[in-house]
Amino acid sequence: MIKYYSTNDRSLKVSFKEAILSGLAKDKGLFMPEEFKKLNPEVYSQKNFSDMCYKVAQIMFDGEIPAQDLKMITDRVFIFDAPLRKLHDNIFVLELFHGPSAAFKDFAARFMAEVMGYYVRKEKKKLTILVATSGDTGSAVAKGFFLVPDIDVIILYPKGKVSILQEKQLTTLDENIISLEVKGTFDDCQRMVKEAFVDNELCSKVNLSSANSINIARLLPQSFYYIWAYIQAKSPEVIFCTPSGNFGNLTAGLIAKKMGLAVKKFIAATNVNDVVPEYLNTGIFNSRASVQTYSNAMDVGNPSNFARMIDIYKDVESMKKDIIGFKATDKETIETIKEVYGKYDYILDPHSAVGYKAVKDFLSSNKTDDTPIILHGTAHPAKFPEIIKKAIGIEIDLPEVLAQAMHKKKHSIEIKANFKSLKEYLLNRS
């Protein structure tokens, strides 16, 4: 079976079960698989998304979960599709918003919930999930883990820095879902979560794990839809454009490439929180406080998964062979939503609009053939009604999965943006 090592110390190795249940390595490193099994022809011949996910999972998890149990998990999780829609010319949108929270993180959150629930039932002990969100992660995790026995989920989100609909989605479920409204930024939330995992006193009293993309189980299933997009594109190779904040989604694509997926290039699209595009241009990684933007789920000034990207590529020159980065301002985001709607009668959410702007920048500076360029449509535009109305002057009807949350009462607990406040809360409730 494949072992998982820490990005800080390759000699520190654990099983997949240990990696997913602990979330973060004891030395604060992120887990990575020591081997990437190669995709086989059977994967590419699948006609159904769920069946393909099962075939990839069998290869990826290498016997960690018995085949019959794994098939049950993938059948329960992947009940919605990730269709590839042609926008124009050789540009396509991979629509990743057809799940219960209308965002791409549904794929990974539901898979994590099923797998963690599987292990917790076997161990017969209670688990507390800590997750920081800048927008979409929280709602996807809340939906995925809602009412899963013996697992509580505590979501940290930055006060006043997520959309009204996003906040409703992650604060209205109750039961085993608790929302902490942090008086700070997403980076504060992420830092507090990381500190929790390395606090000996806290970890001795509370059985903690993570559902952020610091947890390797968040990335692995996200690689599935990269492969599904490639199958749908019916092309020898493809280019992916991935709107990026914490860079978990893009790293999932890198994992798919390591498994043999024929990806010609990755376009890393960010808003003005552009520390990775800056690194690709200068060779210097300069983390900084995040800036609030219209594409709020990407407001990350110190992306955790950069550690995994460095682990894969070692240096900037190697990384640049596979990845090119571009950024977009809020003004450019609005202009892009307006342009795409006017020309192609298609509404992009703000994050996908950042991606489309990056595609245009890529095409203006790179000669390319008819290789399909696949843009991730990361969220339903209805999740951002104010921004869409500002861009194109219309109000989008909410899908039923989103409308339900708007009529429910918000329940959250405000805490300060420091680890002491989080620790006190966790210890007092344990």
# chains A, B, ... in the order shown; residues from 1 in each chain; ligands from 1

call {"tool": "residues_around", "arguments": {"residues": "A:Asp150", "least_positions_apart": "6", "cutoff": "10 Å", "atoms": "only C-alpha atoms", "output": "number ranges by chain"}}
result
A: 117, 120-121, 124-128, 176

call {"tool": "residues_around", "arguments": {"residues": "A:Asp315", "least_positions_apart": "6", "cutoff": "10 Å", "atoms": "only C-alpha atoms", "output": "list in words"}}
result
Leu280, Gly283 and Met309 of chain A

call {"tool": "residues_around", "arguments": {"residues": "A:Thr7", "least_positions_apart": "6", "cutoff": "9 Å", "atoms": "only C-alpha atoms", "output": "ChimeraX atom specification"}}
result
/A:25,28-32,307-308,310-311

call {"tool": "closest_residue", "arguments": {"among": "A:Ala268, A:Leu208, A:Ile324, A:Ala108", "to": "A:Gln222", "atoms": "only C-alpha atoms"}}
result
A:Ala108

call {"tool": "select_by_dssp", "arguments": {"residues": "stretch 254-396 of chain A", "states": "helix (DSSP H, G or I)", "output": "JSON, numbers by chain"}}
result
{"A": [254, 255, 256, 257, 258, 275, 276, 277, 278, 279, 280, 281, 282, 296, 297, 298, 306, 307, 308, 309, 310, 311, 312, 313, 316, 317, 318, 319, 320, 321, 322, 330, 331, 332, 333, 334, 335, 336, 337, 338, 339, 340, 341, 342, 343, 344, 350, 351, 352, 353, 354, 355, 356, 357, 358, 359, 360, 361, 362, 363, 364, 365, 381, 382, 383, 385, 386, 387, 388, 389, 390, 391, 392]}

call {"tool": "write_last_selection", "arguments": {"atoms": "C-alpha atoms", "output": "PDB file, in the first residue's frame"}}
result
ATOM      1  CA  LEU A 254      -0.802  18.139 -10.816  1.00  0.00           C
ATOM      2  CA  ILE A 255      -1.527  14.818  -9.116  1.00  0.00           C
ATOM      3  CA  ALA A 256      -3.595  13.743 -12.140  1.00  0.00           C
ATOM      4  CA  LYS A 257      -0.680  14.690 -14.399  1.00  0.00           C
ATOM      5  CA  LYS A 258       1.734  12.690 -12.210  1.00  0.00           C
ATOM      6  CA  VAL A 275       1.632  35.257  -4.620  1.00  0.00           C
ATOM      7  CA  VAL A 276       1.971  32.178  -6.861  1.00  0.00           C
ATOM      8  CA  PRO A 277       1.902  34.006 -10.241  1.00  0.00           C
ATOM      9  CA  GLU A 278       4.415  36.401  -8.699  1.00  0.00           C
ATOM     10  CA  TYR A 279       6.608  33.444  -7.715  1.00  0.00           C
ATOM     11  CA  LEU A 280       6.411  32.027 -11.226  1.00  0.00           C
ATOM     12  CA  ASN A 281       7.541  35.393 -12.628  1.00  0.00           C
ATOM     13  CA  THR A 282      10.218  36.254 -10.073  1.00  0.00           C
ATOM     14  CA  ASN A 296     -13.654  35.898  -2.201  1.00  0.00           C
ATOM     15  CA  ALA A 297     -13.002  32.147  -2.104  1.00  0.00           C
ATOM     16  CA  MET A 298      -9.607  32.934  -3.646  1.00  0.00           C
ATOM     17  CA  PHE A 306       2.313  25.833  -2.337  1.00  0.00           C
ATOM     18  CA  ALA A 307       4.300  23.457  -0.098  1.00  0.00           C
ATOM     19  CA  ARG A 308       2.996  20.534  -2.150  1.00  0.00           C
ATOM     20  CA  MET A 309       3.768  22.317  -5.423  1.00  0.00           C
ATOM     21  CA  ILE A 310       7.358  22.879  -4.289  1.00  0.00           C
ATOM     22  CA  ASP A 311       7.551  19.261  -3.165  1.00  0.00           C
ATOM     23  CA  ILE A 312       6.610  18.144  -6.682  1.00  0.00           C
ATOM     24  CA  TYR A 313       8.789  20.567  -8.660  1.00  0.00           C
ATOM     25  CA  VAL A 316      10.657  27.617  -9.997  1.00  0.00           C
ATOM     26  CA  GLU A 317      12.183  26.706 -13.353  1.00  0.00           C
ATOM     27  CA  SER A 318      10.761  23.188 -13.217  1.00  0.00           C
ATOM     28  CA  MET A 319       7.383  24.512 -12.108  1.00  0.00           C
ATOM     29  CA  LYS A 320       7.254  27.038 -14.943  1.00  0.00           C
ATOM     30  CA  LYS A 321       7.469  24.231 -17.511  1.00  0.00           C
ATOM     31  CA  ASP A 322       4.005  23.082 -16.434  1.00  0.00           C
ATOM     32  CA  ASP A 330     -12.075  43.276  -9.481  1.00  0.00           C
ATOM     33  CA  LYS A 331     -12.599  45.716 -12.361  1.00  0.00           C
ATOM     34  CA  GLU A 332     -11.341  43.116 -14.833  1.00  0.00           C
ATOM     35  CA  THR A 333     -13.528  40.476 -13.199  1.00  0.00           C
ATOM     36  CA  ILE A 334     -16.656  42.579 -13.735  1.00  0.00           C
ATOM     37  CA  GLU A 335     -15.646  43.390 -17.306  1.00  0.00           C
ATOM     38  CA  THR A 336     -15.061  39.704 -18.038  1.00  0.00           C
ATOM     39  CA  ILE A 337     -18.476  38.620 -16.710  1.00  0.00           C
ATOM     40  CA  LYS A 338     -20.062  41.312 -18.877  1.00  0.00           C
ATOM     41  CA  GLU A 339     -18.010  40.341 -21.959  1.00  0.00           C
ATOM     42  CA  VAL A 340     -18.730  36.606 -21.781  1.00  0.00           C
ATOM     43  CA  TYR A 341     -22.437  37.157 -21.159  1.00  0.00           C
ATOM     44  CA  GLY A 342     -22.688  39.624 -24.038  1.00  0.00           C
ATOM     45  CA  LYS A 343     -20.762  37.499 -26.547  1.00  0.00           C
ATOM     46  CA  TYR A 344     -21.695  33.953 -25.569  1.00  0.00           C
ATOM     47  CA  PRO A 350     -16.521  35.874 -10.252  1.00  0.00           C
ATOM     48  CA  HIS A 351     -13.954  33.085  -9.700  1.00  0.00           C
ATOM     49  CA  SER A 352     -14.496  31.566 -13.130  1.00  0.00           C
ATOM     50  CA  ALA A 353     -14.355  35.066 -14.610  1.00  0.00           C
ATOM     51  CA  VAL A 354     -10.867  35.447 -13.125  1.00  0.00           C
ATOM     52  CA  GLY A 355     -10.071  32.186 -14.894  1.00  0.00           C
ATOM     53  CA  TYR A 356     -11.441  33.337 -18.247  1.00  0.00           C
ATOM     54  CA  LYS A 357      -9.394  36.530 -18.022  1.00  0.00           C
ATOM     55  CA  ALA A 358      -6.319  34.347 -17.437  1.00  0.00           C
ATOM     56  CA  VAL A 359      -7.203  32.276 -20.519  1.00  0.00           C
ATOM     57  CA  LYS A 360      -7.317  35.460 -22.588  1.00  0.00           C
ATOM     58  CA  ASP A 361      -3.966  36.599 -21.168  1.00  0.00           C
ATOM     59  CA  PHE A 362      -2.491  33.187 -21.919  1.00  0.00           C
ATOM     60  CA  LEU A 363      -3.713  33.257 -25.514  1.00  0.00           C
ATOM     61  CA  SER A 364      -2.391  36.777 -26.049  1.00  0.00           C
ATOM     62  CA  SER A 365       1.135  35.759 -25.021  1.00  0.00           C
ATOM     63  CA  PRO A 381     -23.111  32.395 -10.460  1.00  0.00           C
ATOM     64  CA  ALA A 382     -26.282  32.613  -8.362  1.00  0.00           C
ATOM     65  CA  LYS A 383     -24.067  32.394  -5.266  1.00  0.00           C
ATOM     66  CA  PRO A 385     -26.065  37.894  -6.911  1.00  0.00           C
ATOM     67  CA  GLU A 386     -24.745  41.357  -6.043  1.00  0.00           C
ATOM     68  CA  ILE A 387     -21.661  40.972  -8.227  1.00  0.00           C
ATOM     69  CA  ILE A 388     -23.586  39.461 -11.149  1.00  0.00           C
ATOM     70  CA  LYS A 389     -26.131  42.271 -10.998  1.00  0.00           C
ATOM     71  CA  LYS A 390     -23.327  44.835 -10.896  1.00  0.00           C
ATOM     72  CA  ALA A 391     -21.772  43.244 -13.995  1.00  0.00           C
ATOM     73  CA  ILE A 392     -24.761  42.522 -16.234  1.00  0.00           C
TER      74      ILE A 392
END

call {"tool": "select_by_dssp", "arguments": {"residues": "stretch 34-266 of chain A", "states": "strand (DSSP E)", "output": "PyMOL selection string"}}
result
chain A and resi 84-88+91-95+127-132+151-158+177-183+208-210+238-243+263-266

call {"tool": "write_last_selection", "arguments": {"atoms": "C-alpha atoms", "output": "short mmCIF file (atom, residue, chain, number, x, y, z; two decimals), in the first residue's frame"}}
result
data_model
loop_
_atom_site.label_atom_id
_atom_site.label_comp_id
_atom_site.auth_asym_id
_atom_site.auth_seq_id
_atom_site.Cartn_x
_atom_site.Cartn_y
_atom_site.Cartn_z
CA LEU A 84 -17.86 19.88 -20.21
CA ARG A 85 -19.55 22.74 -22.06
CA LYS A 86 -18.10 24.42 -25.12
CA LEU A 87 -17.98 28.19 -24.70
CA HIS A 88 -16.41 29.14 -28.04
CA ILE A 91 -12.39 27.07 -24.95
CA PHE A 92 -14.58 24.91 -22.71
CA VAL A 93 -16.07 25.29 -19.23
CA LEU A 94 -15.95 22.29 -16.90
CA GLU A 95 -19.10 22.91 -14.84
CA LEU A 127 -13.83 12.91 15.52
CA THR A 128 -13.85 16.72 15.39
CA ILE A 129 -13.21 18.28 11.98
CA LEU A 130 -11.67 21.75 11.93
CA VAL A 131 -11.97 23.66 8.68
CA ALA A 132 -11.16 27.23 7.64
CA ILE A 151 -18.17 13.47 13.47
CA ASP A 152 -18.57 17.12 14.49
CA VAL A 153 -17.52 19.87 12.10
CA ILE A 154 -16.31 23.26 13.28
CA ILE A 155 -16.04 25.85 10.51
CA LEU A 156 -13.98 29.03 10.89
CA TYR A 157 -14.86 31.82 8.49
CA PRO A 158 -13.85 35.51 8.31
CA ILE A 177 -22.12 21.59 12.17
CA ILE A 178 -20.79 24.55 14.22
CA SER A 179 -19.76 27.86 12.62
CA LEU A 180 -17.20 30.19 14.24
CA GLU A 181 -17.29 33.74 12.89
CA VAL A 182 -13.69 34.99 13.18
CA LYS A 183 -13.01 38.71 13.50
CA LEU A 208 -8.92 16.54 15.56
CA SER A 209 -8.77 16.30 11.79
CA SER A 210 -9.07 18.76 8.91
CA VAL A 238 -5.52 19.47 -22.92
CA ILE A 239 -4.78 22.75 -21.15
CA PHE A 240 -6.47 23.48 -17.83
CA CYS A 241 -7.20 26.89 -16.36
CA THR A 242 -7.84 26.66 -12.64
CA PRO A 243 -9.06 29.64 -10.56
CA VAL A 263 -1.93 17.90 -19.65
CA LYS A 264 0.00 20.32 -21.85
CA LYS A 265 -0.17 23.28 -19.45
CA PHE A 266 -1.85 24.51 -16.29
#

call {"tool": "closest_residue", "arguments": {"among": "A:Ser101, A:Thr185, A:Asn90, A:Thr378", "to": "A:Leu170", "atoms": "only C-alpha atoms"}}
result
A:Ser101

call {"tool": "residues_around", "arguments": {"residues": "A:Phe419", "least_positions_apart": "2", "cutoff": "9 Å", "atoms": "only C-alpha atoms", "output": "PDB file with C-alpha atoms, in the first residue's frame"}}
result
ATOM      1  CA  ASP A 188      -6.175  34.174  10.291  1.00  0.00           C
ATOM      2  CA  CYS A 189      -8.679  31.301  10.155  1.00  0.00           C
ATOM      3  CA  ARG A 191      -3.392  29.909  10.766  1.00  0.00           C
ATOM      4  CA  MET A 192      -5.614  29.141  13.772  1.00  0.00           C
ATOM      5  CA  VAL A 193      -6.555  25.747  12.339  1.00  0.00           C
ATOM      6  CA  GLU A 195      -1.921  25.880  15.203  1.00  0.00           C
ATOM      7  CA  ALA A 196      -4.638  23.635  16.605  1.00  0.00           C
ATOM      8  CA  LYS A 416     -11.289  36.706  18.090  1.00  0.00           C
ATOM      9  CA  ALA A 417      -8.688  36.084  15.396  1.00  0.00           C
ATOM     10  CA  SER A 421      -9.795  31.961  21.513  1.00  0.00           C
ATOM     11  CA  LEU A 422     -10.173  28.858  19.369  1.00  0.00           C
ATOM     12  CA  LYS A 423      -8.389  26.639  21.871  1.00  0.00           C
ATOM     13  CA  GLU A 424     -10.554  27.863  24.745  1.00  0.00           C
TER      14      GLU A 424
END

call {"tool": "closest_residue", "arguments": {"among": "A:Val198, A:Leu426, A:Val148, A:Met116", "to": "A:Phe16", "atoms": "only C-alpha atoms"}}
result
A:Met116

call {"tool": "residues_around", "arguments": {"residues": "A:Lys17", "least_positions_apart": "2", "cutoff": "10 Å", "atoms": "only C-alpha atoms", "output": "PDB file with C-alpha atoms, in the first residue's frame"}}
result
ATOM      1  CA  LYS A   3       2.583   5.477   2.195  1.00  0.00           C
ATOM      2  CA  TYR A   4       2.207   9.231   2.713  1.00  0.00           C
ATOM      3  CA  VAL A  14       2.004   7.111   7.536  1.00  0.00           C
ATOM      4  CA  SER A  15      -0.839   5.124   5.965  1.00  0.00           C
ATOM      5  CA  ALA A  19      -2.992  10.823   6.821  1.00  0.00           C
ATOM      6  CA  ILE A  20      -6.688  11.531   6.343  1.00  0.00           C
ATOM      7  CA  LEU A  21      -7.618  11.265  10.019  1.00  0.00           C
ATOM      8  CA  SER A  22      -4.761  13.446  11.264  1.00  0.00           C
ATOM      9  CA  GLY A  23      -4.961  15.987   8.432  1.00  0.00           C
ATOM     10  CA  GLU A  64      -6.433   0.852   1.374  1.00  0.00           C
ATOM     11  CA  ILE A  65     -10.203   0.371   1.212  1.00  0.00           C
ATOM     12  CA  VAL A 115     -14.239   7.893   3.877  1.00  0.00           C
ATOM     13  CA  MET A 116     -13.812   9.503   7.304  1.00  0.00           C
ATOM     14  CA  TYR A 119     -12.888   4.814   9.316  1.00  0.00           C
ATOM     15  CA  ALA A 217      -8.073  13.459   1.079  1.00  0.00           C
TER      16      ALA A 217
END

call {"tool": "residues_around", "arguments": {"residues": "A:Pro66", "least_positions_apart": "4", "cutoff": "12 Å", "atoms": "only C-alpha atoms", "output": "PyMOL selection string"}}
result
chain A and resi 54+57-58+61-62+70-73+115+118

call {"tool": "write_last_selection", "arguments": {"atoms": "N, CA and C atoms", "output": "CSV table (one decimal), in the first residue's frame"}}
result
chain,number,residue,atom,x,y,z
A,54,TYR,N,-14.6,5.4,-9.5
A,54,TYR,CA,-14.2,4.2,-8.8
A,54,TYR,C,-13.0,3.5,-9.4
A,57,ALA,N,-10.1,5.6,-8.2
A,57,ALA,CA,-9.9,5.4,-6.8
A,57,ALA,C,-9.2,4.1,-6.5
A,58,GLN,N,-9.5,3.1,-7.2
A,58,GLN,CA,-8.9,1.8,-7.0
A,58,GLN,C,-7.4,1.9,-7.3
A,61,PHE,N,-5.8,4.5,-4.4
A,61,PHE,CA,-5.8,4.1,-3.0
A,61,PHE,C,-5.2,2.7,-2.8
A,62,ASP,N,-4.9,2.0,-3.9
A,62,ASP,CA,-4.0,0.8,-3.8
A,62,ASP,C,-4.4,-0.2,-2.7
A,70,LEU,N,-15.2,0.5,-1.4
A,70,LEU,CA,-14.8,1.7,-2.2
A,70,LEU,C,-15.9,2.0,-3.2
A,71,LYS,N,-16.4,0.9,-3.8
A,71,LYS,CA,-17.5,1.1,-4.9
A,71,LYS,C,-18.7,1.7,-4.2
A,72,MET,N,-19.1,1.3,-3.0
A,72,MET,CA,-20.2,1.8,-2.4
A,72,MET,C,-20.0,3.3,-2.1
A,73,ILE,N,-18.8,3.7,-1.7
A,73,ILE,CA,-18.5,5.1,-1.4
A,73,ILE,C,-18.6,5.9,-2.6
A,115,VAL,N,-15.4,8.7,3.5
A,115,VAL,CA,-14.2,7.9,3.9
A,115,VAL,C,-13.9,8.1,5.4
A,118,TYR,N,-16.4,6.1,7.3
A,118,TYR,CA,-16.0,4.7,7.2
A,118,TYR,C,-15.0,4.3,8.2

call {"tool": "closest_residue", "arguments": {"among": "A:Gly138, A:Pro303, A:Gly99, A:Pro149", "to": "A:Lys122", "atoms": "only C-alpha atoms"}}
result
A:Pro149

call {"tool": "closest_residue", "arguments": {"among": "A:Lys205, A:Lys410, A:His376, A:Arg110", "to": "A:Tyr226", "atoms": "only C-alpha atoms"}}
result
A:His376
